[in-house]
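File shown: structure.cif (mmCIF, C-alpha atoms and all ligand atoms).
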```cif
data_model
#
loop_
_atom_site.label_atom_id
_atom_site.label_comp_id
_atom_site.auth_asym_id
_atom_site.auth_seq_id
_atom_site.Cartn_x
_atom_site.Cartn_y
_atom_site.Cartn_z
CA MET W 163 -19.06 82.19 -15.94
CA ARG W 164 -19.80 78.80 -17.49
CA THR W 165 -17.11 76.13 -17.57
CA ALA W 166 -16.03 73.82 -20.37
CA LEU W 167 -14.26 70.60 -19.48
CA VAL W 168 -11.75 69.72 -22.18
CA ARG W 169 -8.90 67.25 -22.51
CA ALA W 170 -5.86 67.70 -24.73
CA PRO W 171 -5.36 65.22 -27.60
CA GLY W 172 -2.96 62.49 -26.50
CA PRO W 173 0.03 61.06 -28.37
CA ARG W 174 -1.93 57.95 -29.47
CA LEU W 175 -4.82 59.88 -31.05
CA ALA W 176 -4.28 58.19 -34.43
CA ASP W 177 -5.21 54.83 -32.83
CA GLY W 178 -8.69 56.07 -31.90
CA LEU W 179 -11.67 53.88 -32.73
CA VAL W 180 -13.40 54.07 -36.10
CA THR W 181 -16.70 52.30 -36.64
CA HIS W 182 -18.62 53.88 -39.51
CA ARG W 183 -15.83 55.20 -41.71
CA GLU W 184 -12.53 54.15 -43.27
CA ARG W 185 -9.46 54.82 -41.16
CA ARG W 186 -7.10 57.42 -42.61
CA PRO W 187 -3.73 58.66 -41.36
CA LEU W 188 -3.96 61.53 -38.86
CA ASP W 189 -1.81 64.62 -38.54
CA LEU W 190 -1.23 64.93 -34.78
CA ALA W 191 0.30 68.40 -34.98
CA LEU W 192 -2.71 69.60 -36.96
CA ALA W 193 -5.06 67.93 -34.46
CA ARG W 194 -3.34 69.80 -31.63
CA ALA W 195 -3.65 73.10 -33.50
CA GLN W 196 -7.32 72.41 -34.25
CA HIS W 197 -7.97 71.58 -30.61
CA GLU W 198 -6.32 74.85 -29.60
CA ALA W 199 -8.62 76.74 -32.00
CA TYR W 200 -11.64 74.85 -30.64
CA THR W 201 -10.83 75.62 -27.01
CA GLY W 202 -10.01 79.18 -28.07
CA ALA W 203 -13.52 79.53 -29.52
CA LEU W 204 -15.02 78.30 -26.24
CA ALA W 205 -12.90 80.75 -24.24
CA GLU W 206 -13.76 83.58 -26.64
CA ALA W 207 -17.44 82.83 -26.08
CA GLY W 208 -16.95 83.24 -22.33
CA PHE W 209 -16.34 79.70 -21.09
CA GLY W 210 -13.68 79.09 -18.48
CA LEU W 211 -11.59 76.10 -19.57
CA HIS W 212 -11.12 73.28 -17.07
CA TRP W 213 -8.53 70.81 -18.33
CA VAL W 214 -9.20 67.17 -17.48
CA GLU W 215 -5.99 65.32 -16.67
CA PRO W 216 -4.46 63.48 -19.63
CA ALA W 217 -5.25 59.80 -20.24
CA ASP W 218 -2.48 59.20 -22.71
CA ASP W 219 -3.01 55.43 -22.87
CA CYS W 220 -6.50 56.06 -24.22
CA PRO W 221 -6.39 57.28 -27.85
CA ASP W 222 -9.98 58.60 -27.76
CA ALA W 223 -9.64 60.52 -24.48
CA VAL W 224 -9.88 63.90 -26.23
CA PHE W 225 -13.58 63.08 -26.87
CA VAL W 226 -14.31 63.98 -23.27
CA GLU W 227 -18.05 64.46 -23.84
CA ASP W 228 -18.46 60.70 -23.81
CA THR W 229 -17.18 60.29 -20.25
CA ALA W 230 -20.01 61.95 -18.28
CA VAL W 231 -23.40 63.64 -18.44
CA VAL W 232 -23.79 66.90 -16.52
CA CYS W 233 -27.17 68.38 -15.71
CA GLY W 234 -27.13 71.40 -13.42
CA ASP W 235 -24.92 70.55 -10.44
CA ARG W 236 -25.42 66.80 -10.91
CA ALA W 237 -23.11 64.57 -12.97
CA VAL W 238 -23.48 60.93 -13.99
CA LEU W 239 -20.33 59.11 -15.00
CA ALA W 240 -20.38 57.21 -18.27
CA ARG W 241 -20.01 53.45 -18.55
CA PRO W 242 -18.24 53.45 -21.92
CA GLY W 243 -19.87 51.20 -24.47
CA ALA W 244 -16.42 50.53 -25.96
CA PRO W 245 -14.19 48.74 -23.41
CA GLU W 246 -11.13 50.48 -24.91
CA ARG W 247 -12.46 53.76 -23.48
CA ALA W 248 -13.04 52.64 -19.87
CA GLY W 249 -9.79 54.25 -18.65
CA GLU W 250 -11.00 57.72 -19.60
CA VAL W 251 -13.65 58.11 -16.92
CA ALA W 252 -11.53 58.36 -13.74
CA GLY W 253 -9.88 61.63 -14.80
CA THR W 254 -13.24 63.16 -15.66
CA GLU W 255 -14.62 62.07 -12.29
CA ARG W 256 -11.77 63.86 -10.49
CA ALA W 257 -12.35 66.98 -12.59
CA LEU W 258 -16.10 66.97 -11.88
CA ARG W 259 -15.55 66.49 -8.15
CA GLY W 260 -12.95 69.28 -8.26
CA LEU W 261 -15.67 71.55 -9.65
CA GLY W 262 -17.89 70.65 -6.69
CA LEU W 263 -20.47 68.71 -8.70
CA ASP W 264 -22.59 65.97 -7.16
CA VAL W 265 -21.21 62.94 -9.00
CA ARG W 266 -23.31 59.77 -9.36
CA THR W 267 -22.61 56.39 -10.93
CA LEU W 268 -24.85 53.94 -12.75
CA ASP W 269 -25.26 50.68 -10.83
CA GLY W 270 -25.14 47.25 -12.36
CA GLU W 271 -24.31 46.16 -15.87
CA CYS W 272 -25.10 48.81 -18.42
CA ALA W 273 -23.48 50.99 -21.06
CA LEU W 274 -23.69 54.74 -21.45
CA ASP W 275 -21.64 57.18 -23.53
CA GLY W 276 -22.16 60.89 -22.93
CA GLY W 277 -22.40 61.45 -26.68
CA ASP W 278 -25.76 59.70 -26.57
CA VAL W 279 -27.33 62.21 -24.21
CA LEU W 280 -28.77 65.42 -25.61
CA GLN W 281 -30.31 67.94 -23.22
CA THR W 282 -32.82 70.65 -23.94
CA SER W 283 -34.52 72.80 -21.30
CA ASP W 284 -37.31 70.27 -20.77
CA THR W 285 -36.16 66.97 -22.25
CA LEU W 286 -33.28 64.53 -22.08
CA TYR W 287 -32.99 62.68 -25.39
CA VAL W 288 -31.03 59.46 -24.96
CA GLY W 289 -29.65 57.56 -27.93
CA ARG W 290 -30.18 53.83 -27.96
CA SER W 291 -27.03 53.11 -29.90
CA GLY W 292 -24.16 50.68 -30.20
CA ARG W 293 -22.64 52.45 -27.18
CA THR W 294 -25.65 53.06 -24.91
CA ASP W 295 -28.15 50.42 -23.86
CA ASP W 296 -31.71 50.40 -22.55
CA ASP W 297 -30.57 49.53 -19.00
CA ALA W 298 -28.69 52.82 -18.78
CA LEU W 299 -31.61 54.67 -20.35
CA CYS W 300 -33.95 53.29 -17.67
CA ARG W 301 -31.62 54.25 -14.81
CA LEU W 302 -30.79 57.80 -15.88
CA PRO W 303 -34.06 59.49 -14.77
CA SER W 304 -33.47 58.50 -11.13
CA LEU W 305 -30.01 60.06 -11.22
CA LEU W 306 -30.62 63.36 -12.97
CA PRO W 307 -33.01 66.23 -12.26
CA VAL W 308 -34.90 65.90 -15.52
CA ARG W 309 -38.57 66.21 -16.35
CA ARG W 310 -38.79 64.05 -19.44
CA VAL W 311 -36.59 61.35 -20.94
CA VAL W 312 -37.09 60.27 -24.56
CA GLY W 313 -35.22 57.30 -26.01
CA VAL W 314 -34.15 57.70 -29.63
CA LYS W 315 -33.01 54.68 -31.62
CA VAL W 316 -29.76 55.46 -33.43
CA LEU W 317 -29.73 53.61 -36.73
CA GLY W 318 -26.56 54.53 -38.57
CA ALA W 319 -24.37 56.75 -36.44
CA LEU W 320 -21.98 56.29 -33.56
CA HIS W 321 -23.91 58.37 -31.03
CA LEU W 322 -27.18 60.27 -30.91
CA LYS W 323 -25.31 63.56 -31.00
CA SER W 324 -23.50 62.49 -34.19
CA ALA W 325 -26.95 62.60 -35.78
CA MET W 326 -28.93 65.20 -33.83
CA THR W 327 -28.35 68.19 -31.57
CA ALA W 328 -30.48 71.12 -30.38
CA LEU W 329 -30.46 74.87 -30.83
CA PRO W 330 -30.87 77.23 -27.85
CA ASP W 331 -34.64 77.40 -28.45
CA GLY W 332 -34.86 73.61 -27.99
CA SER W 333 -35.52 72.88 -31.67
CA LEU W 334 -33.72 69.87 -33.07
CA ILE W 335 -31.37 69.69 -36.06
CA GLY W 336 -29.92 66.57 -37.60
CA LEU W 337 -30.02 63.69 -39.99
CA PRO W 338 -33.41 61.94 -40.06
CA ASP W 339 -32.04 58.95 -41.99
CA LEU W 340 -29.77 58.02 -39.09
CA ILE W 341 -32.26 58.04 -36.21
CA ASP W 342 -35.81 56.96 -35.48
CA THR W 343 -37.61 60.30 -35.53
CA SER W 344 -41.04 58.91 -34.58
CA GLY W 345 -40.96 60.17 -30.97
CA LEU W 346 -39.47 63.57 -31.84
CA PRO W 347 -41.31 66.88 -32.06
CA GLY W 348 -39.73 67.69 -35.43
CA LEU W 349 -36.24 67.74 -36.82
CA ARG W 350 -34.67 70.36 -39.03
CA VAL W 351 -32.61 68.56 -41.68
CA ALA W 352 -28.92 69.47 -41.72
CA PRO W 353 -27.67 69.67 -45.31
CA GLU W 354 -24.31 68.13 -44.36
CA ALA W 355 -23.63 65.20 -42.05
CA SER W 356 -21.39 67.27 -39.79
CA GLY W 357 -24.09 69.96 -39.62
CA ALA W 358 -25.94 67.70 -37.19
CA GLY W 359 -23.40 68.71 -34.52
CA VAL W 360 -24.07 72.09 -32.93
CA VAL W 361 -22.58 73.39 -29.68
CA VAL W 362 -24.59 76.14 -28.00
CA LEU W 363 -22.10 78.87 -27.09
CA GLY W 364 -24.70 81.40 -25.95
CA GLU W 365 -28.33 82.42 -26.27
CA ASP W 366 -27.95 83.23 -29.96
CA HIS W 367 -24.46 81.87 -30.64
CA LEU W 368 -23.61 78.47 -32.13
CA LEU W 369 -20.40 76.57 -32.84
CA LEU W 370 -20.28 74.37 -35.94
CA ALA W 371 -17.61 72.40 -37.78
CA ALA W 372 -16.08 74.19 -40.76
CA SER W 373 -17.05 71.12 -42.82
CA ALA W 374 -20.71 72.18 -42.59
CA PRO W 375 -20.78 75.52 -44.49
CA ARG W 376 -24.31 75.04 -45.86
CA THR W 377 -25.70 74.34 -42.39
CA ALA W 378 -23.85 77.37 -41.06
CA ALA W 379 -25.34 79.53 -43.86
CA LEU W 380 -28.87 78.25 -43.14
CA LEU W 381 -28.54 78.98 -39.44
CA ARG W 382 -27.06 82.42 -40.06
CA ALA W 383 -29.97 83.20 -42.40
CA ASP W 384 -32.27 82.37 -39.48
CA GLY W 385 -30.53 84.95 -37.33
CA TRP W 386 -28.14 82.78 -35.33
CA ARG W 387 -24.57 83.93 -34.83
CA VAL W 388 -22.36 81.06 -36.00
CA THR W 389 -18.68 80.45 -35.28
CA THR W 390 -16.96 77.63 -37.16
CA VAL W 391 -13.81 75.64 -36.40
CA ASP W 392 -11.94 73.14 -38.53
CA ILE W 393 -11.87 69.81 -36.70
CA SER W 394 -10.97 67.53 -39.64
CA GLU W 395 -8.55 65.39 -37.61
CA PHE W 396 -11.26 64.62 -35.04
CA GLU W 397 -13.91 64.05 -37.70
CA ALA W 398 -11.61 61.38 -39.13
CA LEU W 399 -12.23 59.49 -35.87
CA GLU W 400 -15.99 60.14 -35.97
CA GLY W 401 -15.80 63.07 -33.61
CA SER W 402 -17.85 66.25 -33.90
CA VAL W 403 -17.77 69.67 -32.22
CA THR W 404 -19.89 68.41 -29.33
CA CYS W 405 -17.61 65.54 -28.31
CA LEU W 406 -14.58 67.70 -27.51
CA SER W 407 -16.08 69.27 -24.38
CA ILE W 408 -18.54 68.96 -21.52
CA LEU W 409 -20.27 72.26 -20.86
CA VAL W 410 -21.04 72.74 -17.17
N1 LIG G 501 -19.57 61.99 -28.72
C1 LIG G 501 -18.95 61.54 -29.80
O1 LIG G 501 -19.52 61.50 -30.88
N2 LIG G 501 -17.71 61.08 -29.64
C2 LIG G 501 -16.89 60.62 -30.71
C3 LIG G 501 -16.05 59.48 -30.29
C4 LIG G 501 -15.17 58.98 -31.38
C5 LIG G 501 -14.29 57.83 -30.98
N3 LIG G 501 -13.37 57.56 -32.03
C6 LIG G 501 -15.10 56.60 -30.65
O2 LIG G 501 -15.33 55.79 -31.55
O3 LIG G 501 -15.49 56.42 -29.51
#
```
The structure in this file should be written as structure tokens.
Amino acid sequence: MRTALVRAPGPRLADGLVTHRERRPLDLALARAQHEAYTGALAEAGFGLHWVEPADDCPDAVFVEDTAVVCGDRAVLARPGAPERAGEVAGTERALRGLGLDVRTLDGECALDGGDVLQTSDTLYVGRSGRTDDDALCRLPSLLPVRRVVGVKVLGALHLKSAMTALPDGSLIGLPDLIDTSGLPGLRVAPEASGAGVVVLGEDHLLLAASAPRTAALLRADGWRVTTVDISEFEALEGSVTCLSILV
């Protein structure tokens, strides 16, 4: 059984960072219900849920994807590009060690958010964004069992995975206006911004945000099974379906 690391939304969620959009009031009760539906969809798809301990002083802690990169039985802890998020990593480290993973850290000064690392079966795409720098990009290959690392400049999004993700066959989907696509093998254009975020639930099964109905329809027409969840309260903080879990 595969495992999904998740962390419950904390009481200060409404104070989470916003960079590329206007802040709006959040409904914490709705956020909690949406998170329950999200984790329910993961469980329904066969993932065992592993709850990372709360970090209630950190408003963005629910976006647990950003705190580590897991590749096989190896994990690399993030060095959050936003100092406000530094307190989120220790709980993830304990959870990863509890799962028996080989946990590594990045030496020296650098910045890495997990949301900037997209894995396919043969390539690690790393966003060069406002949160992840070239020093981290250079150090990652020595820490992870990967064959190929491709840096992707992120032009107008928070993280690489806000603008591009991958389907189970390794093909890429996203928003070409927000990233430098020159080093990419091809990118299927998502008709909605939130359609760039796809979580692979199984060989033919995808999870998308309910705010991306046209992307969901396109993918269904191509034969993928698509489950959708409403994550409006997390999208208000620039979160997507990927950032609410780490799939191990
Ligand atoms: N991987 C992700 O895209 N994470 C979303 C993080 C949103 C959070 N409000 C932040 O600005 O860090």
Could you name the residues that touch region 269-277 of chain W at 7 Å or less, counting only C-alpha atoms, but leaving out those on the same chain fewer than 5 positions away, as JSON, numbers by chain?
{"W": [227, 228, 229, 230, 231, 240, 241, 242, 243, 293, 294, 295, 297, 298, 321, 322, 323, 405]}
Would you list the residues that come within 9 Å of ligand LIG 501 (chain G)? Count only C-alpha atoms and all ligand atoms and give the answer as a compact mmCIF listing (two decimals) with C-alpha atoms, keeping the file's coordinate frame.
```
# COMPACT_ATOMS: atom_id res chain seq x y z
CA LEU W 175 -4.82 59.88 -31.05
CA ASP W 177 -5.21 54.83 -32.83
CA GLY W 178 -8.69 56.07 -31.90
CA LEU W 179 -11.67 53.88 -32.73
CA VAL W 180 -13.40 54.07 -36.10
CA THR W 181 -16.70 52.30 -36.64
CA HIS W 182 -18.62 53.88 -39.51
CA PRO W 221 -6.39 57.28 -27.85
CA ASP W 222 -9.98 58.60 -27.76
CA ALA W 223 -9.64 60.52 -24.48
CA VAL W 224 -9.88 63.90 -26.23
CA PHE W 225 -13.58 63.08 -26.87
CA VAL W 226 -14.31 63.98 -23.27
CA GLU W 227 -18.05 64.46 -23.84
CA ASP W 228 -18.46 60.70 -23.81
CA THR W 229 -17.18 60.29 -20.25
CA PRO W 242 -18.24 53.45 -21.92
CA GLY W 243 -19.87 51.20 -24.47
CA ALA W 244 -16.42 50.53 -25.96
CA GLU W 246 -11.13 50.48 -24.91
CA ARG W 247 -12.46 53.76 -23.48
CA ASP W 275 -21.64 57.18 -23.53
CA GLY W 276 -22.16 60.89 -22.93
CA GLY W 277 -22.40 61.45 -26.68
CA ASP W 278 -25.76 59.70 -26.57
CA VAL W 279 -27.33 62.21 -24.21
CA ARG W 293 -22.64 52.45 -27.18
CA ALA W 319 -24.37 56.75 -36.44
CA LEU W 320 -21.98 56.29 -33.56
CA HIS W 321 -23.91 58.37 -31.03
CA LEU W 322 -27.18 60.27 -30.91
CA LYS W 323 -25.31 63.56 -31.00
CA SER W 324 -23.50 62.49 -34.19
CA ALA W 325 -26.95 62.60 -35.78
CA GLY W 359 -23.40 68.71 -34.52
CA PHE W 396 -11.26 64.62 -35.04
CA GLU W 397 -13.91 64.05 -37.70
CA ALA W 398 -11.61 61.38 -39.13
CA LEU W 399 -12.23 59.49 -35.87
CA GLU W 400 -15.99 60.14 -35.97
CA GLY W 401 -15.80 63.07 -33.61
CA SER W 402 -17.85 66.25 -33.90
CA VAL W 403 -17.77 69.67 -32.22
CA THR W 404 -19.89 68.41 -29.33
CA CYS W 405 -17.61 65.54 -28.31
CA LEU W 406 -14.58 67.70 -27.51
```
Å distance separating CA of Thr201 (chain W) from CA of Arg259 (chain W), one decimal place:
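Distance between the two atoms: 21.5 Å.
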For a test of reading the model, state the distance in Å between CA of Ala217 (chain W) and CA of Leu306 (chain W), rounded to one decimal.
26.6 Å
Using only C-alpha atoms, which protein or nucleic acid residues come within 10 Å of Leu369 (chain W)? Drop anything in the same chain fewer than 5 positions from it, and give the result as an NGL selection string.
:W and (200 or 203-204 or 207 or 359-364 or 378 or 387-391 or 403-404)
Quick check, in Å to one decimal: how far apart do CA of Ala248 (chain W) and CA of Asp342 (chain W) lie?
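For CA of Ala248 (chain W) relative to CA of Asp342 (chain W), the distance reads 27.9 Å.
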